[in-house]
file my_file_7.cif (mmCIF, C-alpha atoms)
data_entry
loop_
_atom_site.group_PDB
_atom_site.id
_atom_site.type_symbol
_atom_site.label_atom_id
_atom_site.label_comp_id
_atom_site.auth_asym_id
_atom_site.auth_seq_id
_atom_site.Cartn_x
_atom_site.Cartn_y
_atom_site.Cartn_z
ATOM 1 C CA MET A 2 152.646 47.116 66.987
ATOM 2 C CA ASP A 3 154.443 50.144 68.448
ATOM 3 C CA THR A 4 153.295 52.262 65.519
ATOM 4 C CA VAL A 5 149.634 51.291 66.054
ATOM 5 C CA LEU A 6 149.925 51.978 69.792
ATOM 6 C CA ASN A 7 151.477 55.373 69.197
ATOM 7 C CA LEU A 8 148.687 56.279 66.775
ATOM 8 C CA GLU A 9 146.037 55.299 69.341
ATOM 9 C CA ILE A 10 147.756 57.353 72.037
ATOM 10 C CA ARG A 11 147.928 60.347 69.713
ATOM 11 C CA ALA A 12 144.229 59.967 68.873
ATOM 12 C CA VAL A 13 143.324 59.943 72.571
ATOM 13 C CA VAL A 14 145.448 63.025 73.219
ATOM 14 C CA VAL A 15 143.883 64.885 70.284
ATOM 15 C CA ARG A 16 140.359 64.036 71.451
ATOM 16 C CA TYR A 17 141.249 65.223 74.962
ATOM 17 C CA LEU A 18 142.602 68.508 73.637
ATOM 18 C CA ILE A 19 139.537 69.084 71.470
ATOM 19 C CA LEU A 20 137.175 68.436 74.402
ATOM 20 C CA SER A 21 139.213 70.703 76.678
ATOM 21 C CA ILE A 22 139.158 73.556 74.172
ATOM 22 C CA PHE A 23 135.426 73.087 73.572
ATOM 23 C CA SER A 24 134.686 73.132 77.319
ATOM 24 C CA PHE A 25 136.806 76.245 77.763
ATOM 25 C CA LEU A 26 134.920 78.041 75.003
ATOM 26 C CA LEU A 27 131.580 77.104 76.554
ATOM 27 C CA ILE A 28 132.676 78.516 79.911
ATOM 28 C CA VAL A 29 134.017 81.711 78.376
ATOM 29 C CA ASN A 30 130.958 82.273 76.189
ATOM 30 C CA GLY A 31 128.642 81.587 79.115
ATOM 31 C CA SER A 32 130.489 84.077 81.274
ATOM 32 C CA ILE A 33 130.342 86.711 78.589
ATOM 33 C CA SER A 34 126.624 86.138 78.155
ATOM 34 C CA LEU A 35 125.928 86.505 81.878
ATOM 35 C CA ALA A 36 128.237 89.445 82.457
ATOM 36 C CA SER A 37 127.533 91.507 79.343
ATOM 37 C CA THR A 38 125.713 94.808 79.676
ATOM 38 C CA LEU A 39 123.176 96.228 77.271
ATOM 39 C CA ILE A 40 123.406 99.718 75.842
ATOM 40 C CA GLY A 41 120.502 101.382 74.116
ATOM 41 C CA LYS A 42 118.262 104.393 73.724
ATOM 42 C CA VAL A 43 114.965 104.300 75.593
ATOM 43 C CA ILE A 44 112.206 104.449 72.978
ATOM 44 C CA SER A 45 109.174 103.718 75.149
ATOM 45 C CA ILE A 46 108.056 103.463 78.759
ATOM 46 C CA GLN A 47 105.323 100.906 79.380
ATOM 47 C CA ASP A 48 104.954 101.670 83.085
ATOM 48 C CA GLY A 49 107.053 102.635 86.080
ATOM 49 C CA ASP A 50 109.185 99.501 86.000
ATOM 50 C CA THR A 51 109.162 98.485 82.322
ATOM 51 C CA ILE A 52 110.895 100.199 79.406
ATOM 52 C CA THR A 53 112.019 99.354 75.883
ATOM 53 C CA ILE A 54 115.459 100.181 74.539
ATOM 54 C CA LEU A 55 116.865 100.251 71.002
ATOM 55 C CA SER A 56 120.460 99.123 70.622
ATOM 56 C CA PRO A 57 122.952 100.691 68.176
ATOM 57 C CA GLU A 58 122.325 97.577 66.048
ATOM 58 C CA LYS A 59 118.615 98.513 65.952
ATOM 59 C CA ILE A 60 117.543 95.631 68.182
ATOM 60 C CA GLN A 61 114.646 96.335 70.533
ATOM 61 C CA THR A 62 114.766 94.857 74.046
ATOM 62 C CA LYS A 63 112.066 95.147 76.681
ATOM 63 C CA ILE A 64 113.562 95.747 80.117
ATOM 64 C CA ARG A 65 111.871 94.917 83.426
ATOM 65 C CA LEU A 66 113.622 96.863 86.183
ATOM 66 C CA TYR A 67 115.164 94.443 88.641
ATOM 67 C CA GLY A 68 114.208 94.329 92.313
ATOM 68 C CA ILE A 69 111.403 96.901 92.322
ATOM 69 C CA ASP A 70 107.655 96.771 91.715
ATOM 70 C CA CYS A 71 105.790 99.954 90.805
ATOM 71 C CA PRO A 72 102.041 100.437 91.234
ATOM 72 C CA GLU A 73 99.978 99.008 88.393
ATOM 73 C CA LYS A 74 98.468 101.458 85.907
ATOM 74 C CA SER A 75 95.041 100.923 87.470
ATOM 75 C CA GLN A 76 96.384 101.691 90.956
ATOM 76 C CA ASP A 77 96.848 105.074 92.555
ATOM 77 C CA PHE A 78 100.265 106.476 91.666
ATOM 78 C CA GLY A 79 100.620 104.049 88.751
ATOM 79 C CA ASN A 80 100.643 106.851 86.175
ATOM 80 C CA ARG A 81 102.802 109.012 88.390
ATOM 81 C CA ALA A 82 105.387 106.229 88.657
ATOM 82 C CA LYS A 83 105.391 105.922 84.865
ATOM 83 C CA LYS A 84 105.897 109.683 84.444
ATOM 84 C CA PHE A 85 108.707 109.685 86.990
ATOM 85 C CA THR A 86 110.512 106.868 85.189
ATOM 86 C CA ALA A 87 110.012 108.689 81.906
ATOM 87 C CA SER A 88 111.549 111.838 83.395
ATOM 88 C CA LEU A 89 114.683 109.818 84.184
ATOM 89 C CA VAL A 90 115.134 107.788 81.008
ATOM 90 C CA ALA A 91 112.940 108.938 78.098
ATOM 91 C CA ARG A 92 114.956 109.280 74.862
ATOM 92 C CA LYS A 93 118.188 108.817 76.809
ATOM 93 C CA THR A 94 120.919 106.260 76.271
ATOM 94 C CA VAL A 95 121.006 103.823 79.183
ATOM 95 C CA LYS A 96 123.168 100.969 80.374
ATOM 96 C CA VAL A 97 121.413 97.839 81.616
ATOM 97 C CA ILE A 98 123.079 95.229 83.821
ATOM 98 C CA PRO A 99 120.985 92.086 83.280
ATOM 99 C CA TYR A 100 120.226 89.618 86.077
ATOM 100 C CA ASP A 101 117.521 87.414 84.611
ATOM 101 C CA ILE A 102 114.978 86.763 81.863
ATOM 102 C CA ASP A 103 111.401 86.661 83.167
ATOM 103 C CA LYS A 104 108.549 84.428 82.041
ATOM 104 C CA TYR A 105 107.443 87.066 79.541
ATOM 105 C CA GLY A 106 110.837 87.090 77.854
ATOM 106 C CA ARG A 107 111.825 90.485 79.248
ATOM 107 C CA THR A 108 115.373 91.174 80.328
ATOM 108 C CA VAL A 109 115.353 91.901 84.067
ATOM 109 C CA GLY A 110 118.089 94.335 84.997
ATOM 110 C CA VAL A 111 119.372 97.408 86.768
ATOM 111 C CA VAL A 112 119.228 100.527 84.594
ATOM 112 C CA PHE A 113 121.748 103.359 84.663
ATOM 113 C CA VAL A 114 121.689 106.806 83.076
ATOM 114 C CA ALA A 115 125.359 107.765 83.286
ATOM 115 C CA SER A 116 126.132 106.990 86.961
ATOM 116 C CA GLU A 117 122.529 107.333 88.172
ATOM 117 C CA ASN A 118 120.868 104.085 89.273
ATOM 118 C CA VAL A 119 117.302 104.390 87.988
ATOM 119 C CA ASN A 120 115.938 101.493 90.067
ATOM 120 C CA GLU A 121 117.193 103.130 93.250
ATOM 121 C CA GLU A 122 115.888 106.578 92.313
ATOM 122 C CA ILE A 123 112.364 105.210 91.848
ATOM 123 C CA LEU A 124 112.508 103.589 95.292
ATOM 124 C CA LYS A 125 113.863 106.749 96.908
ATOM 125 C CA ALA A 126 111.050 108.780 95.343
ATOM 126 C CA GLY A 127 108.489 106.529 97.020
ATOM 127 C CA LEU A 128 107.095 105.232 93.735
ATOM 128 C CA ALA A 129 107.909 101.542 94.069
ATOM 129 C CA TRP A 130 108.191 98.704 96.526
ATOM 130 C CA GLN A 131 111.353 96.719 96.882
ATOM 131 C CA TYR A 132 110.276 93.489 95.190
ATOM 132 C CA ARG A 133 110.553 91.143 98.176
ATOM 133 C CA LYS A 134 110.181 87.881 96.285
ATOM 134 C CA TYR A 135 112.646 88.585 93.500
ATOM 135 C CA CYS A 136 115.185 91.038 94.924
ATOM 136 C CA LEU A 137 117.859 88.571 95.976
ATOM 137 C CA GLU A 138 121.170 90.334 95.405
ATOM 138 C CA SER A 139 123.358 91.637 98.238
ATOM 139 C CA PHE A 140 122.270 95.235 97.626
ATOM 140 C CA CYS A 141 118.583 94.397 98.157
ATOM 141 C CA SER A 142 118.766 94.993 101.901
ATOM 142 C CA GLU A 143 119.961 98.526 101.184
ATOM 143 C CA TRP A 144 117.103 98.966 98.731
ATOM 144 C CA LEU A 145 114.685 97.944 101.488
ATOM 145 C CA SER A 146 116.059 100.790 103.588
ATOM 146 C CA TYR A 147 115.379 103.216 100.705
ATOM 147 C CA GLU A 148 111.769 102.047 100.724
ATOM 148 C CA ALA A 149 111.532 102.434 104.502
ATOM 149 C CA GLU A 150 112.962 105.966 104.340
ATOM 150 C CA ALA A 151 110.460 106.956 101.659
ATOM 151 C CA LYS A 152 107.660 105.558 103.839
ATOM 152 C CA ASN A 153 108.848 107.427 106.885
ATOM 153 C CA ASN A 154 108.922 110.661 104.894
ATOM 154 C CA LYS A 155 105.563 109.889 103.247
ATOM 155 C CA LEU A 156 106.967 110.355 99.769
ATOM 156 C CA GLY A 157 105.022 109.413 96.674
ATOM 157 C CA LEU A 158 102.600 106.548 97.175
ATOM 158 C CA TRP A 159 103.445 106.369 100.882
ATOM 159 C CA ARG A 160 101.139 109.331 101.477
ATOM 160 C CA ASP A 161 98.449 106.668 101.337
ATOM 161 C CA VAL A 162 98.679 104.543 104.480
ATOM 162 C CA SER A 163 96.424 101.977 102.784
ATOM 163 C CA ALA A 164 98.640 101.487 99.731
ATOM 164 C CA ILE A 165 98.397 97.922 98.393
ATOM 165 C CA ALA A 166 101.532 96.268 97.053
ATOM 166 C CA PRO A 167 101.164 95.560 93.322
ATOM 167 C CA TRP A 168 101.815 91.836 93.776
ATOM 168 C CA ASP A 169 98.686 91.735 95.980
ATOM 169 C CA TRP A 170 96.762 94.014 93.620
ATOM 170 C CA ARG A 171 97.430 91.581 90.790
ATOM 171 C CA LYS A 172 95.798 88.888 92.926
ATOM 172 C CA GLY A 173 92.634 90.964 93.141
ATOM 173 C CA VAL A 174 93.246 92.666 96.497
ATOM 174 C CA THR A 175 91.998 96.248 96.204
ATOM 175 C CA SER A 176 91.773 97.395 99.829
ATOM 176 C CA ILE A 177 93.702 96.986 103.051
ATOM 177 C CA GLN A 178 90.590 95.528 104.694
ATOM 178 C CA GLN A 179 90.356 92.847 102.028
ATOM 179 C CA PHE A 180 94.078 92.227 102.409
ATOM 180 C CA ALA A 181 93.685 91.702 106.152
ATOM 181 C CA LYS A 182 90.862 89.213 105.662
ATOM 182 C CA GLY A 183 93.083 87.163 103.383
ATOM 183 C CA GLY A 184 95.543 86.468 106.212
ATOM 184 C CA GLY A 185 99.119 85.387 105.803
ATOM 185 C CA ALA A 186 100.523 88.942 105.888
ATOM 186 C CA TYR A 187 102.131 91.100 108.537
ATOM 187 C CA HIS A 188 101.962 94.789 109.372
ATOM 188 C CA GLY A 189 104.887 96.552 111.011
ATOM 189 C CA ASN A 190 104.514 99.580 113.250
ATOM 190 C CA GLN A 191 107.003 102.077 111.887
ATOM 191 C CA ARG A 192 107.383 103.774 115.289
ATOM 192 C CA SER A 193 107.686 100.814 117.653
ATOM 193 C CA HIS A 194 109.169 98.455 115.050
ATOM 194 C CA VAL A 195 106.811 95.724 116.230
ATOM 195 C CA PHE A 196 105.016 93.609 113.614
ATOM 196 C CA HIS A 197 101.609 91.906 113.881
ATOM 197 C CA CYS A 198 99.790 89.106 112.072
ATOM 198 C CA SER A 199 96.431 89.724 110.405
ATOM 199 C CA SER A 200 94.471 88.241 113.317
ATOM 200 C CA CYS A 201 95.997 90.664 115.817
ATOM 201 C CA ARG A 202 93.832 93.541 117.099
ATOM 202 C CA HIS A 203 96.787 95.842 116.437
ATOM 203 C CA PHE A 204 97.117 94.738 112.788
ATOM 204 C CA ASN A 205 95.668 97.965 111.378
ATOM 205 C CA CYS A 206 97.029 100.349 113.992
ATOM 206 C CA LYS A 207 97.674 103.972 113.073
ATOM 207 C CA ASN A 208 101.370 103.485 112.426
ATOM 208 C CA CYS A 209 101.145 99.926 111.064
ATOM 209 C CA VAL A 210 101.910 100.958 107.504
ATOM 210 C CA VAL A 211 104.863 98.692 106.727
ATOM 211 C CA GLU A 212 103.773 95.488 105.003
ATOM 212 C CA PHE A 213 105.593 92.163 104.908
ATOM 213 C CA ASP A 214 104.672 89.002 103.043
ATOM 214 C CA ARG A 215 106.643 86.721 105.320
ATOM 215 C CA ARG A 216 107.701 86.728 108.968
ATOM 216 C CA GLU A 217 111.349 86.425 107.941
ATOM 217 C CA GLU A 218 111.138 89.671 105.975
ATOM 218 C CA ALA A 219 109.884 91.567 109.025
ATOM 219 C CA VAL A 220 112.667 90.210 111.216
ATOM 220 C CA ALA A 221 115.292 90.927 108.538
ATOM 221 C CA ALA A 222 114.046 94.511 108.333
ATOM 222 C CA GLY A 223 114.654 95.000 112.055
ATOM 223 C CA TYR A 224 111.095 94.487 113.331
ATOM 224 C CA ARG A 225 110.299 92.328 116.371
ATOM 225 C CA PRO A 226 107.185 90.144 116.816
ATOM 226 C CA CYS A 227 104.193 91.356 118.784
ATOM 227 C CA GLY A 228 104.079 89.917 122.302
ATOM 228 C CA MET A 229 100.295 89.406 122.091
ATOM 229 C CA CYS A 230 99.679 87.740 118.740
ATOM 230 C CA ARG A 231 103.171 86.154 118.587
ATOM 231 C CA PRO A 232 103.372 86.112 114.759
#
call {"tool": "encode", "arguments": {"input": "my_file_7.cif", "output": "structure tokens"}}
result
Amino acid sequence: MDTVLNLEIRAVVVRYLILSIFSFLLIVNGSISLASTLIGKVISIQDGDTITILSPEKIQTKIRLYGIDCPEKSQDFGNRAKKFTASLVARKTVKVIPYDIDKYGRTVGVVFVASENVNEEILKAGLAWQYRKYCLESFCSEWLSYEAEAKNNKLGLWRDVSAIAPWDWRKGVTSIQQFAKGGGAYHGNQRSHVFHCSSCRHFNCKNCVVEFDRREEAVAAGYRPCGMCRP
């Protein structure tokens, strides 16, 4: 009887050890997968925020730059954004820190050439928006300030006070007037730092060139609501 009991106890202990080791390996492998960086040579630039790299193992990976959204090819400054990105990364070896895989199967990440952060450089040049909906990391608030500085200095696409964010362009919005009619958006006055809803008579004021999708974004960026329209 004692022998049988000892064998059962040993079997339980062995099963426990096997499960513990298996769980540990899953955790370790998962961590490695999430934390690993990609290294590769840039072999093509699809547009301002999408590139393809070739790894030393000859594996191609399409990279969508995290946290920024460049003008579409059919938009003003779309080709210029693509050329600017190409000037930073074309035929160079880059490091990519991945954050996600998008619905198209692209790796979404921050791209570095040596110590230069490519995503940030595109924002600073005024050739991209900080991607409000998907830029969720702690550094995204700083990236929003890069966008605001480029706007204030009228760099790149910000020379056009009627520039339409690409996420609205993809919905078929092609003019600021059409955007205003759609409602649900806010314009911030870059001088007074007051923001207005689309029904406000100050919505398209001379200095109302900062766009926000949501009220919370305007407040987070340091803007205060208009006392008349009370957005």
call {"tool": "atom_distance", "arguments": {"input": "my_file_7.cif", "atom1": "atom CA of A:Ser199", "atom2": "atom CA of A:Leu156"}}
result
25.5 Å
call {"tool": "resolve_selection", "arguments": {"input": "my_file_7.cif", "expression": "the PyMOL selection byres ((chain A and resi 159-172) around 10)", "output": "PyMOL selection string"}}
result
chain A and resi 70-79+126-134+148-149+151-158+173-178+180+205+207-214
call {"tool": "write_last_selection", "arguments": {"input": "my_file_7.cif", "atoms": "C-alpha atoms", "output": "mmCIF file, in the frame of the given file"}}
result
data_model
loop_
_atom_site.group_PDB
_atom_site.id
_atom_site.type_symbol
_atom_site.label_atom_id
_atom_site.label_comp_id
_atom_site.auth_asym_id
_atom_site.auth_seq_id
_atom_site.Cartn_x
_atom_site.Cartn_y
_atom_site.Cartn_z
ATOM 1 C CA ASP A 70 107.655 96.771 91.715
ATOM 2 C CA CYS A 71 105.790 99.954 90.805
ATOM 3 C CA PRO A 72 102.041 100.437 91.234
ATOM 4 C CA GLU A 73 99.978 99.008 88.393
ATOM 5 C CA LYS A 74 98.468 101.458 85.907
ATOM 6 C CA SER A 75 95.041 100.923 87.470
ATOM 7 C CA GLN A 76 96.384 101.691 90.956
ATOM 8 C CA ASP A 77 96.848 105.074 92.555
ATOM 9 C CA PHE A 78 100.265 106.476 91.666
ATOM 10 C CA GLY A 79 100.620 104.049 88.751
ATOM 11 C CA ALA A 126 111.050 108.780 95.343
ATOM 12 C CA GLY A 127 108.489 106.529 97.020
ATOM 13 C CA LEU A 128 107.095 105.232 93.735
ATOM 14 C CA ALA A 129 107.909 101.542 94.069
ATOM 15 C CA TRP A 130 108.191 98.704 96.526
ATOM 16 C CA GLN A 131 111.353 96.719 96.882
ATOM 17 C CA TYR A 132 110.276 93.489 95.190
ATOM 18 C CA ARG A 133 110.553 91.143 98.176
ATOM 19 C CA LYS A 134 110.181 87.881 96.285
ATOM 20 C CA GLU A 148 111.769 102.047 100.724
ATOM 21 C CA ALA A 149 111.532 102.434 104.502
ATOM 22 C CA ALA A 151 110.460 106.956 101.659
ATOM 23 C CA LYS A 152 107.660 105.558 103.839
ATOM 24 C CA ASN A 153 108.848 107.427 106.885
ATOM 25 C CA ASN A 154 108.922 110.661 104.894
ATOM 26 C CA LYS A 155 105.563 109.889 103.247
ATOM 27 C CA LEU A 156 106.967 110.355 99.769
ATOM 28 C CA GLY A 157 105.022 109.413 96.674
ATOM 29 C CA LEU A 158 102.600 106.548 97.175
ATOM 30 C CA GLY A 173 92.634 90.964 93.141
ATOM 31 C CA VAL A 174 93.246 92.666 96.497
ATOM 32 C CA THR A 175 91.998 96.248 96.204
ATOM 33 C CA SER A 176 91.773 97.395 99.829
ATOM 34 C CA ILE A 177 93.702 96.986 103.051
ATOM 35 C CA GLN A 178 90.590 95.528 104.694
ATOM 36 C CA PHE A 180 94.078 92.227 102.409
ATOM 37 C CA ASN A 205 95.668 97.965 111.378
ATOM 38 C CA LYS A 207 97.674 103.972 113.073
ATOM 39 C CA ASN A 208 101.370 103.485 112.426
ATOM 40 C CA CYS A 209 101.145 99.926 111.064
ATOM 41 C CA VAL A 210 101.910 100.958 107.504
ATOM 42 C CA VAL A 211 104.863 98.692 106.727
ATOM 43 C CA GLU A 212 103.773 95.488 105.003
ATOM 44 C CA PHE A 213 105.593 92.163 104.908
ATOM 45 C CA ASP A 214 104.672 89.002 103.043
#
call {"tool": "residues_around", "arguments": {"input": "my_file_7.cif", "residues": "stretch 80-97 of chain A", "least_positions_apart": "4", "cutoff": "8 Å", "atoms": "all atoms listed in the file", "output": "compact mmCIF listing (two decimals) with C-alpha atoms, keeping the file's coordinate frame"}}
result
# COMPACT_ATOMS: atom_id res chain seq x y z
CA THR A 38 125.71 94.81 79.68
CA LEU A 39 123.18 96.23 77.27
CA ILE A 40 123.41 99.72 75.84
CA GLY A 41 120.50 101.38 74.12
CA LYS A 42 118.26 104.39 73.72
CA VAL A 43 114.96 104.30 75.59
CA ILE A 44 112.21 104.45 72.98
CA SER A 45 109.17 103.72 75.15
CA ILE A 46 108.06 103.46 78.76
CA GLN A 47 105.32 100.91 79.38
CA ASP A 48 104.95 101.67 83.08
CA GLY A 49 107.05 102.64 86.08
CA ASP A 50 109.18 99.50 86.00
CA CYS A 71 105.79 99.95 90.80
CA PRO A 72 102.04 100.44 91.23
CA LYS A 74 98.47 101.46 85.91
CA GLY A 110 118.09 94.34 85.00
CA VAL A 111 119.37 97.41 86.77
CA VAL A 112 119.23 100.53 84.59
CA PHE A 113 121.75 103.36 84.66
CA VAL A 114 121.69 106.81 83.08
CA ALA A 115 125.36 107.76 83.29
CA VAL A 119 117.30 104.39 87.99
CA ILE A 123 112.36 105.21 91.85
CA LEU A 128 107.10 105.23 93.74
CA ALA A 129 107.91 101.54 94.07
call {"tool": "atom_distance", "arguments": {"input": "my_file_7.cif", "atom1": "atom CA of A:Pro57", "atom2": "atom CA of A:Tyr105"}}
result
23.6 Å
call {"tool": "closest_residue", "arguments": {"input": "my_file_7.cif", "among": "A:Arg107, A:Cys206, A:Ile102, A:Asn190", "to": "A:Gln61", "atoms": "all atoms listed in the file"}}
result
A:Arg107
call {"tool": "atom_distance", "arguments": {"input": "my_file_7.cif", "atom1": "atom CA of A:Tyr135", "atom2": "atom CA of A:Glu150"}}
result
20.5 Å
call {"tool": "decode", "arguments": {"input": "my_file_7.cif", "residues": "stretch 50-59 of chain A", "atoms": "all heavy atoms", "output": "mmCIF file, in the first residue's frame"}}
result
data_model
loop_
_atom_site.group_PDB
_atom_site.id
_atom_site.type_symbol
_atom_site.label_atom_id
_atom_site.label_comp_id
_atom_site.auth_asym_id
_atom_site.auth_seq_id
_atom_site.Cartn_x
_atom_site.Cartn_y
_atom_site.Cartn_z
ATOM 1 N N ASP A 50 4.606 56.668 -44.220
ATOM 2 C CA ASP A 50 4.597 55.924 -42.964
ATOM 3 C C ASP A 50 4.621 54.405 -43.140
ATOM 4 O O ASP A 50 4.299 53.660 -42.211
ATOM 5 C CB ASP A 50 3.399 56.335 -42.098
ATOM 6 C CG ASP A 50 2.073 56.262 -42.851
ATOM 7 O OD1 ASP A 50 1.878 55.322 -43.636
ATOM 8 O OD2 ASP A 50 1.231 57.158 -42.652
ATOM 9 N N THR A 51 5.003 53.930 -44.313
ATOM 10 C CA THR A 51 5.068 52.485 -44.548
ATOM 11 C C THR A 51 6.314 52.135 -45.347
ATOM 12 O O THR A 51 6.551 52.701 -46.419
ATOM 13 C CB THR A 51 3.820 51.977 -45.305
ATOM 14 O OG1 THR A 51 2.638 52.454 -44.668
ATOM 15 C CG2 THR A 51 3.795 50.460 -45.344
ATOM 16 N N ILE A 52 7.100 51.194 -44.824
ATOM 17 C CA ILE A 52 8.323 50.762 -45.488
ATOM 18 C C ILE A 52 8.403 49.241 -45.449
ATOM 19 O O ILE A 52 7.645 48.586 -44.731
ATOM 20 C CB ILE A 52 9.580 51.355 -44.819
ATOM 21 C CG1 ILE A 52 9.702 50.845 -43.365
ATOM 22 C CG2 ILE A 52 9.536 52.886 -44.849
ATOM 23 C CD1 ILE A 52 10.948 51.301 -42.643
ATOM 24 N N THR A 53 9.311 48.683 -46.236
ATOM 25 C CA THR A 53 9.568 47.250 -46.199
ATOM 26 C C THR A 53 11.048 47.026 -45.923
ATOM 27 O O THR A 53 11.899 47.674 -46.539
ATOM 28 C CB THR A 53 9.183 46.567 -47.525
ATOM 29 O OG1 THR A 53 7.793 46.770 -47.770
ATOM 30 C CG2 THR A 53 9.460 45.069 -47.469
ATOM 31 N N ILE A 54 11.332 46.115 -44.985
ATOM 32 C CA ILE A 54 12.717 45.808 -44.673
ATOM 33 C C ILE A 54 13.031 44.355 -45.025
ATOM 34 O O ILE A 54 12.139 43.505 -45.084
ATOM 35 C CB ILE A 54 13.041 46.064 -43.184
ATOM 36 C CG1 ILE A 54 12.248 45.112 -42.272
ATOM 37 C CG2 ILE A 54 12.746 47.514 -42.813
ATOM 38 C CD1 ILE A 54 12.655 45.176 -40.800
ATOM 39 N N LEU A 55 14.309 44.097 -45.250
ATOM 40 C CA LEU A 55 14.797 42.740 -45.541
ATOM 41 C C LEU A 55 15.787 42.369 -44.442
ATOM 42 O O LEU A 55 16.806 43.039 -44.259
ATOM 43 C CB LEU A 55 15.466 42.691 -46.908
ATOM 44 C CG LEU A 55 15.979 41.317 -47.369
ATOM 45 C CD1 LEU A 55 14.801 40.371 -47.614
ATOM 46 C CD2 LEU A 55 16.821 41.453 -48.636
ATOM 47 N N SER A 56 15.479 41.308 -43.723
ATOM 48 C CA SER A 56 16.322 40.885 -42.613
ATOM 49 C C SER A 56 17.583 40.186 -43.125
ATOM 50 O O SER A 56 17.642 39.790 -44.296
ATOM 51 C CB SER A 56 15.550 39.935 -41.696
ATOM 52 O OG SER A 56 15.403 38.667 -42.325
ATOM 53 N N PRO A 57 18.586 40.001 -42.272
ATOM 54 C CA PRO A 57 19.783 39.252 -42.678
ATOM 55 C C PRO A 57 19.448 37.830 -43.123
ATOM 56 O O PRO A 57 20.200 37.224 -43.893
ATOM 57 C CB PRO A 57 20.634 39.244 -41.400
ATOM 58 C CG PRO A 57 20.212 40.475 -40.664
ATOM 59 C CD PRO A 57 18.733 40.591 -40.923
ATOM 60 N N GLU A 58 18.304 37.309 -42.649
ATOM 61 C CA GLU A 58 17.867 35.965 -43.057
ATOM 62 C C GLU A 58 17.049 36.004 -44.339
ATOM 63 O O GLU A 58 16.441 35.009 -44.728
ATOM 64 C CB GLU A 58 17.031 35.328 -41.937
ATOM 65 C CG GLU A 58 17.766 35.092 -40.630
ATOM 66 C CD GLU A 58 17.956 36.367 -39.819
ATOM 67 O OE1 GLU A 58 17.120 37.292 -39.970
ATOM 68 O OE2 GLU A 58 18.941 36.428 -39.053
ATOM 69 N N LYS A 59 17.007 37.176 -44.979
ATOM 70 C CA LYS A 59 16.291 37.368 -46.249
ATOM 71 C C LYS A 59 14.772 37.258 -46.093
ATOM 72 O O LYS A 59 14.078 36.803 -47.001
ATOM 73 C CB LYS A 59 16.785 36.387 -47.325
ATOM 74 C CG LYS A 59 18.287 36.409 -47.544
ATOM 75 C CD LYS A 59 18.778 37.804 -47.918
ATOM 76 C CE LYS A 59 20.285 37.841 -48.126
ATOM 77 N NZ LYS A 59 20.798 39.203 -48.391
#
